$ cat final-v1.txt   # compact mmCIF, C-alpha atoms
# COMPACT_ATOMS: atom_id res chain seq x y z
CA MET A 6 0.00 0.00 0.00
CA SER A 7 1.23 3.50 -0.71
CA SER A 8 0.32 7.03 0.18
CA GLY A 9 -0.14 8.43 -3.27
CA ASN A 10 1.79 11.60 -3.90
CA ASP A 11 4.44 10.74 -1.32
CA CYS A 12 7.49 11.89 -3.23
CA GLN A 13 7.08 15.64 -2.66
CA PRO A 14 7.58 17.49 0.63
CA GLN A 15 4.36 18.78 2.16
CA THR A 16 5.53 22.41 2.22
CA PHE A 17 2.10 23.88 1.48
CA THR A 18 -1.18 24.64 3.14
CA LYS A 19 -3.48 21.68 2.82
CA PRO A 20 -7.13 22.78 2.55
CA ALA A 21 -9.24 22.14 5.63
CA LEU A 22 -12.86 22.78 4.68
CA SER A 23 -15.60 21.31 6.82
CA GLU A 24 -18.23 19.11 5.19
CA LYS A 25 -20.71 21.97 5.42
CA GLU A 26 -18.29 24.36 3.72
CA ALA A 27 -17.57 21.81 1.00
CA ALA A 28 -21.29 21.34 0.30
CA GLU A 29 -21.78 25.11 0.10
CA LEU A 30 -18.83 25.30 -2.30
CA VAL A 31 -20.43 22.74 -4.65
CA ASP A 32 -23.66 24.73 -4.64
CA ARG A 33 -22.01 28.12 -5.13
CA VAL A 34 -19.43 27.19 -7.78
CA PHE A 35 -21.14 24.36 -9.67
CA GLY A 36 -24.82 25.00 -8.99
CA LEU A 37 -25.51 21.51 -7.63
CA ASN A 38 -27.43 20.48 -4.52
CA VAL A 39 -25.49 18.05 -2.32
CA SER A 40 -27.40 15.03 -1.02
CA TRP A 41 -24.42 13.82 0.96
CA LEU A 42 -20.63 13.95 0.94
CA ARG A 43 -17.82 12.27 2.79
CA PRO A 44 -14.06 12.92 2.98
CA LEU A 45 -11.65 10.89 0.88
CA PRO A 46 -7.99 10.31 1.83
CA SER A 47 -5.41 12.59 0.26
CA TYR A 48 -1.76 13.38 0.72
CA ASP A 49 -1.69 17.09 -0.01
CA ASP A 50 -5.10 18.15 -1.33
CA GLN A 51 -8.59 17.77 0.17
CA ASN A 52 -11.04 15.43 -1.55
CA PHE A 53 -14.72 14.65 -1.00
CA HIS A 54 -16.97 11.98 -2.49
CA VAL A 55 -20.09 13.93 -3.39
CA CYS A 56 -23.60 12.79 -4.31
CA VAL A 57 -25.84 15.48 -5.76
CA SER A 58 -29.55 15.81 -6.47
CA GLY A 59 -31.26 17.84 -9.13
CA ASN A 60 -28.51 17.31 -11.71
CA ASN A 61 -29.73 19.09 -14.84
CA ASP A 62 -26.89 18.29 -17.21
CA GLY A 63 -28.82 15.46 -18.85
CA ALA A 64 -26.22 12.83 -17.96
CA GLU A 65 -28.30 9.92 -16.73
CA GLY A 66 -26.92 8.41 -13.55
CA ALA A 67 -24.09 10.95 -13.35
CA ASN A 68 -24.86 12.15 -9.83
CA GLU A 69 -21.63 11.17 -8.02
CA TYR A 70 -18.50 13.25 -8.18
CA VAL A 71 -15.19 13.92 -6.47
CA LEU A 72 -14.71 17.46 -5.20
CA LYS A 73 -10.98 18.13 -5.39
CA ILE A 74 -9.62 21.18 -3.54
CA THR A 75 -5.95 21.65 -4.45
CA ASN A 76 -3.36 22.73 -1.89
CA SER A 77 -2.31 26.37 -1.86
CA ALA A 78 1.17 25.81 -3.32
CA ASP A 79 0.03 23.94 -6.41
CA SER A 80 -2.89 26.35 -6.79
CA GLN A 81 -0.39 29.12 -7.52
CA GLU A 82 0.14 27.49 -10.93
CA PRO A 83 -3.42 26.99 -12.19
CA GLU A 84 -2.20 26.64 -15.78
CA LEU A 85 -0.54 23.35 -14.86
CA ILE A 86 -3.71 22.07 -13.21
CA GLN A 87 -5.60 23.07 -16.35
CA VAL A 88 -3.19 21.05 -18.49
CA GLN A 89 -3.56 18.03 -16.19
CA THR A 90 -7.33 18.27 -16.38
CA GLN A 91 -7.37 18.62 -20.16
CA ALA A 92 -5.02 15.64 -20.42
CA MET A 93 -7.55 13.65 -18.37
CA MET A 94 -10.29 14.75 -20.76
CA PHE A 95 -8.13 13.72 -23.73
CA LEU A 96 -7.48 10.29 -22.23
CA SER A 97 -11.17 9.78 -21.48
CA ALA A 98 -11.99 10.58 -25.10
CA GLU A 99 -9.36 8.01 -26.13
CA GLY A 100 -11.12 5.31 -24.11
CA PHE A 101 -9.08 5.34 -20.90
CA PRO A 102 -11.01 5.21 -17.60
CA SER A 103 -10.08 8.75 -16.61
CA ALA A 104 -12.21 11.28 -14.75
CA THR A 105 -13.63 14.34 -16.51
CA PRO A 106 -14.60 17.69 -14.99
CA TYR A 107 -18.11 18.99 -14.34
CA LEU A 108 -18.10 22.61 -15.51
CA THR A 109 -18.55 25.53 -13.17
CA LYS A 110 -21.53 27.89 -13.48
CA ASP A 111 -19.53 30.05 -15.87
CA GLY A 112 -18.48 27.09 -18.02
CA SER A 113 -14.92 26.63 -16.74
CA ILE A 114 -13.23 23.35 -15.83
CA MET A 115 -12.02 24.79 -12.50
CA SER A 116 -12.32 27.77 -10.19
CA LEU A 117 -9.87 29.60 -7.93
CA GLU A 118 -11.47 30.02 -4.51
CA SER A 119 -10.52 31.40 -1.08
CA GLY A 120 -10.71 28.80 1.64
CA ASP A 121 -8.29 29.53 4.49
CA PRO A 122 -8.10 32.11 7.30
CA GLY A 123 -4.99 33.49 5.58
CA ASN A 124 -7.05 34.03 2.41
CA LYS A 125 -4.97 31.49 0.51
CA LYS A 126 -6.35 30.51 -2.88
CA HIS A 127 -7.23 26.94 -3.85
CA VAL A 128 -8.10 25.54 -7.26
CA VAL A 129 -11.42 23.71 -7.04
CA ARG A 130 -12.62 21.03 -9.48
CA LEU A 131 -15.58 18.65 -9.54
CA LEU A 132 -14.56 15.43 -11.27
CA SER A 133 -16.65 12.47 -12.35
CA TYR A 134 -16.61 9.65 -9.80
CA LEU A 135 -14.94 6.49 -11.05
CA PRO A 136 -16.19 3.10 -9.82
CA GLY A 137 -14.07 0.31 -8.43
CA MET A 138 -11.70 -0.36 -5.57
CA PRO A 139 -8.02 0.58 -5.23
CA VAL A 140 -5.50 -2.09 -6.14
CA ALA A 141 -4.28 -1.69 -2.55
CA LYS A 142 -7.41 -3.46 -1.30
CA ILE A 143 -7.10 -6.67 -3.33
CA ALA A 144 -4.64 -9.50 -3.76
CA THR A 145 -2.98 -8.89 -7.11
CA ASN A 146 -2.29 -11.73 -9.52
CA ALA A 147 -0.10 -12.13 -12.59
CA GLN A 148 -2.92 -11.15 -14.95
CA LEU A 149 -3.59 -7.86 -13.17
CA LEU A 150 0.10 -6.99 -12.85
CA TYR A 151 0.48 -7.57 -16.59
CA GLU A 152 -2.51 -5.32 -17.24
CA ILE A 153 -1.11 -2.57 -15.04
CA GLY A 154 2.17 -2.66 -16.95
CA LYS A 155 0.28 -2.55 -20.23
CA LEU A 156 -1.82 0.34 -18.96
CA ALA A 157 1.27 2.33 -17.94
CA ALA A 158 2.78 2.05 -21.42
CA SER A 159 -0.50 2.70 -23.23
CA LEU A 160 -1.17 5.75 -21.09
CA ASP A 161 2.24 7.31 -21.77
CA LYS A 162 2.01 6.52 -25.46
CA ALA A 163 -1.37 8.27 -25.66
CA LEU A 164 -0.09 11.26 -23.69
CA ALA A 165 2.81 11.58 -26.13
CA GLU A 166 0.22 12.12 -28.86
CA CYS A 167 -1.63 14.80 -26.89
CA GLN A 168 -0.70 18.09 -28.57
CA LEU A 169 -1.63 20.11 -25.50
CA CYS A 170 0.86 18.16 -23.38
CA GLN A 171 3.59 18.50 -26.00
CA GLN A 172 3.19 22.28 -26.12
CA THR A 173 3.12 22.85 -22.36
CA GLU A 174 6.06 23.24 -19.98
CA VAL A 175 5.63 20.36 -17.52
CA SER A 176 8.56 19.87 -15.16
CA ASP A 177 11.20 17.34 -16.26
CA THR A 178 11.94 14.88 -13.46
CA SER A 179 15.04 13.42 -15.07
CA HIS A 180 18.08 13.22 -12.82
CA LEU A 181 19.91 10.58 -14.84
CA HIS A 182 21.66 12.89 -17.28
CA CYS A 183 24.17 10.24 -18.30
CA TYR A 184 21.34 8.15 -19.74
CA HIS A 185 19.73 11.06 -21.59
CA SER A 186 20.78 10.03 -25.09
CA VAL A 187 19.71 6.37 -24.79
CA LEU A 188 16.35 6.58 -23.02
CA MET A 189 13.08 7.03 -24.91
CA GLN A 190 11.37 10.25 -23.89
CA SER A 191 7.71 10.36 -22.99
CA ILE A 192 5.10 12.12 -20.90
CA ASN A 193 4.57 10.23 -17.64
CA HIS A 194 1.59 9.94 -15.34
CA GLY A 195 4.26 9.77 -12.66
CA ASP A 196 2.33 8.20 -9.77
CA LEU A 197 0.69 4.92 -10.80
CA ASN A 198 0.52 3.64 -7.26
CA ASP A 199 -1.87 1.12 -5.73
CA HIS A 200 -4.29 3.84 -4.62
CA ASN A 201 -4.36 5.64 -7.96
CA ILE A 202 -5.43 2.57 -9.96
CA LEU A 203 -9.00 1.35 -9.47
CA VAL A 204 -10.20 -2.10 -10.53
CA ASP A 205 -13.42 -4.06 -10.70
CA CYS A 206 -14.17 -7.65 -11.50
CA SER A 207 -16.94 -9.52 -13.31
CA SER A 208 -15.52 -12.97 -12.66
CA ALA A 209 -17.61 -15.26 -10.47
CA SER A 210 -14.57 -17.30 -9.50
CA LEU A 211 -13.34 -16.60 -5.98
CA GLU A 212 -10.29 -18.82 -6.49
CA ASN A 213 -9.13 -17.10 -9.70
CA PRO A 214 -10.63 -13.59 -9.88
CA GLN A 215 -10.10 -11.66 -13.11
CA TYR A 216 -9.78 -7.91 -12.73
CA ARG A 217 -9.96 -5.00 -15.11
CA VAL A 218 -8.82 -1.42 -14.58
CA SER A 219 -11.84 0.81 -14.00
CA GLY A 220 -10.17 4.08 -13.06
CA ILE A 221 -6.93 6.05 -13.20
CA LEU A 222 -6.60 8.78 -10.58
CA ASP A 223 -4.37 11.75 -9.72
CA PHE A 224 -2.52 13.32 -12.64
CA SER A 225 -0.80 15.91 -10.45
CA ASP A 226 2.65 14.32 -10.97
CA MET A 227 2.54 14.38 -14.78
CA SER A 228 5.91 15.31 -16.25
CA TYR A 229 8.19 15.00 -19.22
CA GLY A 230 10.44 12.04 -18.58
CA TYR A 231 11.18 8.61 -20.00
CA TYR A 232 9.09 5.51 -20.60
CA VAL A 233 11.31 3.50 -18.27
CA PHE A 234 10.49 5.88 -15.41
CA GLU A 235 6.83 4.92 -15.63
CA VAL A 236 7.40 1.17 -15.55
CA ALA A 237 9.85 1.55 -12.64
CA ILE A 238 7.29 3.54 -10.64
CA ALA A 239 4.57 0.97 -11.35
CA ILE A 240 6.84 -1.93 -10.33
CA MET A 241 7.82 -0.24 -7.09
CA TYR A 242 4.24 0.45 -6.00
CA MET A 243 2.95 -2.97 -6.99
CA MET A 244 5.66 -4.50 -4.78
CA ILE A 245 4.42 -2.77 -1.61
CA GLU A 246 1.74 -5.24 -0.48
CA SER A 247 2.64 -8.23 -2.63
CA PRO A 248 3.41 -11.53 -0.85
CA ASP A 249 6.07 -12.07 -3.53
CA PRO A 250 7.44 -8.54 -4.04
CA LEU A 251 10.47 -9.52 -6.11
CA GLY A 252 8.24 -11.53 -8.44
CA VAL A 253 6.11 -8.51 -9.34
CA GLY A 254 8.55 -6.81 -11.71
CA GLY A 255 8.54 -9.42 -14.45
CA HIS A 256 4.76 -9.39 -14.91
CA VAL A 257 4.54 -5.57 -14.94
CA LEU A 258 7.50 -5.39 -17.33
CA ALA A 259 5.93 -7.94 -19.70
CA GLY A 260 2.73 -5.92 -19.90
CA PHE A 261 4.64 -2.69 -20.46
CA GLU A 262 6.83 -4.17 -23.18
CA SER A 263 3.80 -5.55 -25.01
CA VAL A 264 3.19 -1.90 -25.92
CA VAL A 265 6.61 -0.21 -25.59
CA PRO A 266 9.65 -2.55 -25.68
CA LEU A 267 12.58 -1.22 -23.65
CA THR A 268 16.10 -0.93 -24.96
CA ALA A 269 18.99 -2.79 -23.36
CA GLU A 270 20.12 0.45 -21.69
CA GLU A 271 16.66 1.04 -20.25
CA ARG A 272 16.48 -2.47 -18.89
CA GLY A 273 19.90 -1.90 -17.37
CA ALA A 274 18.59 1.17 -15.53
CA LEU A 275 15.46 -0.51 -14.18
CA PHE A 276 16.90 -1.87 -10.91
CA LEU A 277 18.40 1.53 -10.06
CA LEU A 278 15.16 3.34 -10.88
CA VAL A 279 12.95 1.03 -8.80
CA SER A 280 15.37 1.28 -5.88
CA GLY A 281 15.58 5.04 -6.30
CA ARG A 282 11.81 5.44 -6.23
CA PHE A 283 11.66 3.40 -3.02
CA ALA A 284 14.36 5.54 -1.41
CA GLN A 285 12.80 8.79 -2.58
CA SER A 286 9.34 7.87 -1.36
CA LEU A 287 10.47 6.50 1.99
CA VAL A 288 12.87 9.30 2.95
CA ILE A 289 10.52 12.14 1.99
CA ALA A 290 7.56 10.46 3.70
CA ALA A 291 9.59 10.11 6.91
CA HIS A 292 10.66 13.75 6.73
CA THR A 293 7.11 14.94 6.05
CA ALA A 294 5.72 12.86 8.91
CA LEU A 295 8.01 14.75 11.29
CA LEU A 296 6.62 18.04 10.01
CA TYR A 297 2.99 16.90 10.06
CA PRO A 298 2.64 14.26 12.80
CA GLU A 299 -1.16 14.49 12.71
CA ASN A 300 -1.05 12.84 9.25
CA LYS A 301 1.72 10.38 10.14
CA GLU A 302 -0.35 7.20 9.79
CA TYR A 303 -1.27 7.97 6.20
CA LEU A 304 2.13 9.36 5.23
CA MET A 305 3.97 6.29 6.52
CA ILE A 306 1.87 3.63 4.79
CA THR A 307 4.61 2.82 2.28
CA ALA A 308 7.18 2.48 5.07
CA LYS A 309 5.34 -0.49 6.61
CA THR A 310 6.88 -2.79 4.00
CA GLY A 311 8.93 -0.44 1.81
CA TRP A 312 12.18 -0.45 3.80
CA LYS A 313 12.10 -4.25 3.98
CA HIS A 314 11.57 -4.58 0.22
CA LEU A 315 14.35 -2.12 -0.57
CA MET A 316 16.82 -3.93 1.68
CA THR A 317 15.82 -7.29 0.18
CA MET A 318 16.55 -5.95 -3.30
CA PHE A 319 20.04 -4.85 -2.27
CA GLU A 320 20.74 -8.08 -0.39
CA MET A 321 19.70 -10.16 -3.40
CA GLY A 322 21.67 -7.90 -5.74
CA GLN A 323 20.97 -6.28 -9.08
CA GLU A 324 22.00 -9.25 -11.21
CA ALA A 325 19.78 -11.75 -9.42
CA VAL A 326 16.78 -9.41 -9.28
CA GLU A 327 17.07 -8.54 -12.96
CA LYS A 328 17.41 -12.21 -13.87
CA LYS A 329 14.14 -12.95 -12.07
CA TRP A 330 12.34 -10.01 -13.73
CA PHE A 331 13.64 -10.64 -17.23
CA GLU A 332 13.01 -14.40 -17.19
CA THR A 333 9.42 -13.83 -16.08
CA ALA A 334 8.91 -11.24 -18.81
CA GLN A 335 10.48 -13.51 -21.41
CA ALA A 336 8.04 -16.30 -20.55
CA TYR A 337 5.18 -14.13 -21.82
CA THR A 338 6.57 -14.27 -25.35
CA HIS A 339 5.76 -17.99 -25.43
CA ARG A 340 2.12 -17.74 -24.43
CA ALA A 341 -0.98 -15.75 -25.29
CA PRO A 342 -1.11 -12.31 -23.67
CA ALA A 343 -3.43 -11.59 -20.78
CA PRO A 344 -6.82 -9.96 -21.50
CA SER A 345 -6.84 -6.26 -22.39
CA VAL A 346 -7.26 -3.52 -19.81
CA GLY A 347 -10.84 -2.95 -20.89
CA GLY A 348 -11.93 -6.57 -20.47
CA CYS A 349 -12.25 -8.92 -17.54

$ encode --input "final-v1.txt" --output "structure tokens"
Amino acid sequence: MSSGNDCQPQTFTKPALSEKEAAELVDRVFGLNVSWLRPLPSYDDQNFHVCVSGNNDGAEGANEYVLKITNSADSQEPELIQVQTQAMMFLSAEGFPSATPYLTKDGSIMSLESGDPGNKKHVVRLLSYLPGMPVAKIATNAQLLYEIGKLAASLDKALAECQLCQQTEVSDTSHLHCYHSVLMQSINHGDLNDHNILVDCSSASLENPQYRVSGILDFSDMSYGYYVFEVAIAIMYMMIESPDPLGVGGHVLAGFESVVPLTAEERGALFLLVSGRFAQSLVIAAHTALLYPENKEYLMITAKTGWKHLMTMFEMGQEAVEKKWFETAQAYTHRAPAPSVGGC
């Protein structure tokens, strides 16, 4: 299990609206009457699951939303949030299970609102509610891990074709300058963790459940980067709660390479990148928990197993871990691929 956006220090003002204030916000900004709402967990923003009545947009059954109130630091760059939201809209139009915004009264995809005693501004959006349960709440199997790898590659490939993303300055997270000339560049989701991927299942078999991805959440870490970054991030987060953490990588890698095959240099960087993501996530989460002890339980979710997995990787060694990953991935070339992301 992981805490979502746990690779950035929490040096911001997290919104702290009451449920009553959140309901009034939905009415005032979006013109919708709230039947009920409840808080959703979040690392740095404030989220509410909202059910509305009297929805007049003609969308049958579309009466559940997520009210997302962005922290004050990120809200200072609303153009980036706009790009993220429009990328989500693009992906939804391309058939990915991505949320789309409900427009404000004046027809905008977001609104900048005051919400703190210090009059700090927060970007507010109302996004469609996606069904399903987080991957963190189920026991993953090889089929689902393959699908998550395939999803990661398909997502980045689609984002690379999004003209809006190509024309916008999104921060480059590359720190491996020596690899710059041999890694394939892409636009990354950047945080495909086990809380940001939702799944559902139509299989009646309890012994061999078949899952499909029903939702992709949180595009706040989108960036220019490299395809191999995305698969490394996905592998790291899928390891967190797995009973066989070192066995995860091969299945995710196989799914990813069914869409975007990695070069030899990229495969050679994979162990370092997975280890680096573990270290980054764990150290920053520990630091942030010291600053915000009231949110320590949520911030330290990854640490419950993360340190153990990282140490196991180093004890086993890069060569042995890579051998396990690559042999598992190679086995997929001799059998039919798992079902597509859209099917169960």

$ residues_around --input "final-v1.txt" --residues "region 311-317 of chain A" --least-positions-apart "6" --cutoff "10 Å" --atoms "only C-alpha atoms" --output "ChimeraX atom specification"
/A:6-7,241-242,244-246,250-251,279-284,286-288,305,326

$ atom_distance --input "final-v1.txt" --atom1 "CA of Ser40 (chain A)" --atom2 "CA of Ile221 (chain A)"
25.5 Å

$ axis_aligned_box --input "final-v1.txt" --around "region 235-245 of chain A" --padding-each-side "6 Å" --output "JSON"
{"center_x": 6.4, "center_y": 0.2, "center_z": -8.6, "size_x": 18.9, "size_y": 21.4, "size_z": 26.0}

$ residues_near_point --input "final-v1.txt" --point "(-21.2, 14.6, 0.0)" --cutoff "8 Å" --atoms "only C-alpha atoms" --output "ChimeraX atom specification"
/A:24,28,39-44,53-57

$ closest_residue --input "final-v1.txt" --among "A:Ala21, A:Leu37, A:Leu156, A:Val233" --to "His127 (chain A)" --atoms "only C-alpha atoms"
A:Ala21

$ closest_residue --input "final-v1.txt" --among "A:Arg217, A:Lys110, A:Lys155, A:Lys25" --to "Ile240 (chain A)" --atoms "only C-alpha atoms"
A:Lys155
